[in-house]
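Before any comments, here is the structure.
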Amino acid sequence: MNIETDRAILRPWTERDRQPFAEMSADPAVMQHLLPLNSRAAADAWIDRRMAHLAEHGFSFWALEAKASGDFIGAVGLLRISYEAHFSPAVEVGWRVARRFWGQGYAPEAAAASLRFGFETLGLSEIVANTVPRNTSSRRVMEKLGMSHDAEDDFEHPDIPEGHPLRHQVLYRLPRDRWTATGTV
Ligand SMILES: CC(C)(COP(=O)(O)OP(=O)(O)OC[C@H]1O[C@@H](n2cnc3c(N)ncnc32)[C@H](O)[C@@H]1OP(=O)(O)O)[C@@H](O)C(=O)NCCC(=O)NCCS
């Protein structure tokens with residue numbers, strides 16, 4: 001099943017996504033605030049985990065494709081939080097976009113469609129998002145989506161070792177009743 005936005009399509013991963021995803025994952029600017037995917041094998045394994053999540057749960061981070069050109073833009077979608085935290089169980093919305101597409105609103109456009117899928121099709125009561133405090137671009141996307149941040153929700157990511165620069169994370173939340181009130185971007 002595909003999800004269409006004005007300019008893009010969220011769709012299941014295919015073999016032809018592996019090369020552009022690996023190229024995006026080798027870009028230090030894209031990976032600045034993310035756990036590294038240092039090899040083609042690591043990038044392939046990341047895609048494999050998203051495909052398995054889709055098969056198991058019916059949603060995942062999908063591949064994001066530009067309608068007009070067919071170009072691979074990035075990965076956007078929904079994932080079950082795989083670790084235990086004060087807000088789990090939960091479903092997160094997330095995004096990573098190839099650098100040449102930054103600043104064109106693709107992440108919020110695709111994330112808004114993911115939120116709609118999460119609330120209307122999956123019937124979720126809340127969707128969260130998290131990142132490191134200094135990832136201002138990602139936090140802007142969360143704000144554009146109407147998500148809100150409470151410093152009391154900040155947490156230490158249990159899968160990231162103590163002292164690691166990515167361990168401390170901010171959490172944004174969007175309850176369904178507030179999404180319904182604000183609509184989508
Ligand atoms: C976060 C990210 C997905 C945003 O995607 P996008 O499609 O560019 O989103 P937008 O066009 O709405 O831009 C969001 C913000 O990014 C910043 N931004 C835009 N273009 C930028 C550029 N060329 N360079 C640096 N930052 C830029 C701006 O702060 C912008 O906010 P604004 O629209 O109020 O000016 C993208 O920057 C990215 O892939 N980053 C690396 C991966 C990552 O950190 N993912 C999130 C993990 S939690």
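All residue names refer to the structure tokens as shown: chains lettered A, B, ... in order, residues numbered from 1 in each chain, ligands numbered from 1 in order.
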
Worksheet entry | Cut-off 10 Å, only C-alpha atoms and all ligand atoms, neighbours of ligand 1 as a PyMOL selection string | chain A and resi 24-25+27-35+73-76+93-111+129-145+169-170

Item to complete: Please provide the set of residues having any atom within 6 Å of Ala63 of chain A, restricted to only C-alpha atoms, with same-chain residues fewer than 2 positions apart removed, written as a PyMOL selection string.
Response: chain A and resi 10-11+13+75

Residue subset to file, keeping C-alpha atoms, as a PDB file, in the first residue's frame:
```pdb
ATOM      1  CA  LEU A  10       5.485   6.837   0.704  1.00  0.00           C
ATOM      2  CA  ARG A  11       5.847   3.228  -0.379  1.00  0.00           C
ATOM      3  CA  TRP A  13      11.155  -0.473   0.057  1.00  0.00           C
ATOM      4  CA  ALA A  75      12.800   7.597   4.638  1.00  0.00           C
TER       5      ALA A  75
END
```

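Using only C-alpha atoms for every distance, the candidate list A:Tyr83, A:Phe61, A:Phe117, A:Trp46 yields A:Phe117 as the residue closest to Glu4 of chain A.
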
Practice prompt. Determine which residues of chain A receive a DSSP assignment of helix (DSSP H, G or I), computed from the backbone, and state them as an MDAnalysis selection string.
Written response: chainID A and resid 15:25 28:31 40:57 99:101 106:121 136:144 151:153 176:182

Discussion item. Could you pull out the strand (DSSP E or B) residues of segment 18-181 of chain A, going by DSSP on the backbone, and write them as an MDAnalysis selection string?
Written reply: chainID A and resid 61:66 72:80 91:97 126:131 148:149 155:156 168:175

Item to complete: Could you jot down the atom CA of Arg173 of chain A to atom CA of Ala66 of chain A separation for me, Å, one decimal place?
Response: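 Result for atom CA of Arg173 of chain A versus atom CA of Ala66 of chain A: 27.8 Å, one decimal.
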
Item to complete: Compare A:Gly123, A:Pro161, A:Pro20, A:Pro12 by their minimum atom-to-atom distance to Pro175 of chain A, counting only C-alpha atoms, and give me the closest one.
Response: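 When distances to Pro175 of chain A are compared using only C-alpha atoms, the smallest one comes from A:Gly123.
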
Worksheet item: Between A:Leu174, A:Met51, A:Ile9, A:Leu64, which is the closest to Leu124 of chain A once you count only C-alpha atoms?
Response: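 When distances to Leu124 of chain A are compared using only C-alpha atoms, the smallest one comes from A:Leu174.
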
Practice prompt. For Gly58 of chain A, list every protein, DNA or RNA residue within 12 Å, evaluated using only C-alpha atoms, and leave out those in the same chain fewer than 6 positions away; present the list as a ChimeraX atom specification.
Written response: /A:1-2,11-12,50-52,77-80,117-118,121-122

Worksheet item: What does the distance between atom CA of Phe87 of chain A and atom CA of Phe119 of chain A come to in Å, to one decimal place?
Response: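 Here the two named atoms are 17.6 Å from each other.
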
Test item: residues at most 12 Å from Asp159 of chain A, only C-alpha atoms, excluding those fewer than 6 positions along its chain, as a PDB file with C-alpha atoms, in the first residue's frame:
```
ATOM      1  CA  LEU A  35      23.637   6.425  14.821  1.00  0.00           C
ATOM      2  CA  ILE A  81       9.419   2.241  19.954  1.00  0.00           C
ATOM      3  CA  SER A  82      11.637  -0.819  20.376  1.00  0.00           C
ATOM      4  CA  TYR A  83      12.993   0.068  23.822  1.00  0.00           C
ATOM      5  CA  GLU A  84      11.460   0.623  27.238  1.00  0.00           C
ATOM      6  CA  ALA A  85      11.050   4.223  28.355  1.00  0.00           C
ATOM      7  CA  LEU A 166      23.245  10.914  21.240  1.00  0.00           C
ATOM      8  CA  ARG A 167      22.059   9.470  24.555  1.00  0.00           C
ATOM      9  CA  HIS A 168      20.154  12.493  25.887  1.00  0.00           C
ATOM     10  CA  GLN A 169      16.984  12.989  23.853  1.00  0.00           C
TER      11      GLN A 169
END
```

Worksheet item: So how far away is atom CA of Ala112 of chain A from atom CA of Asp6 of chain A, in Å?
Response: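 These two atoms are separated by 11.3 Å.
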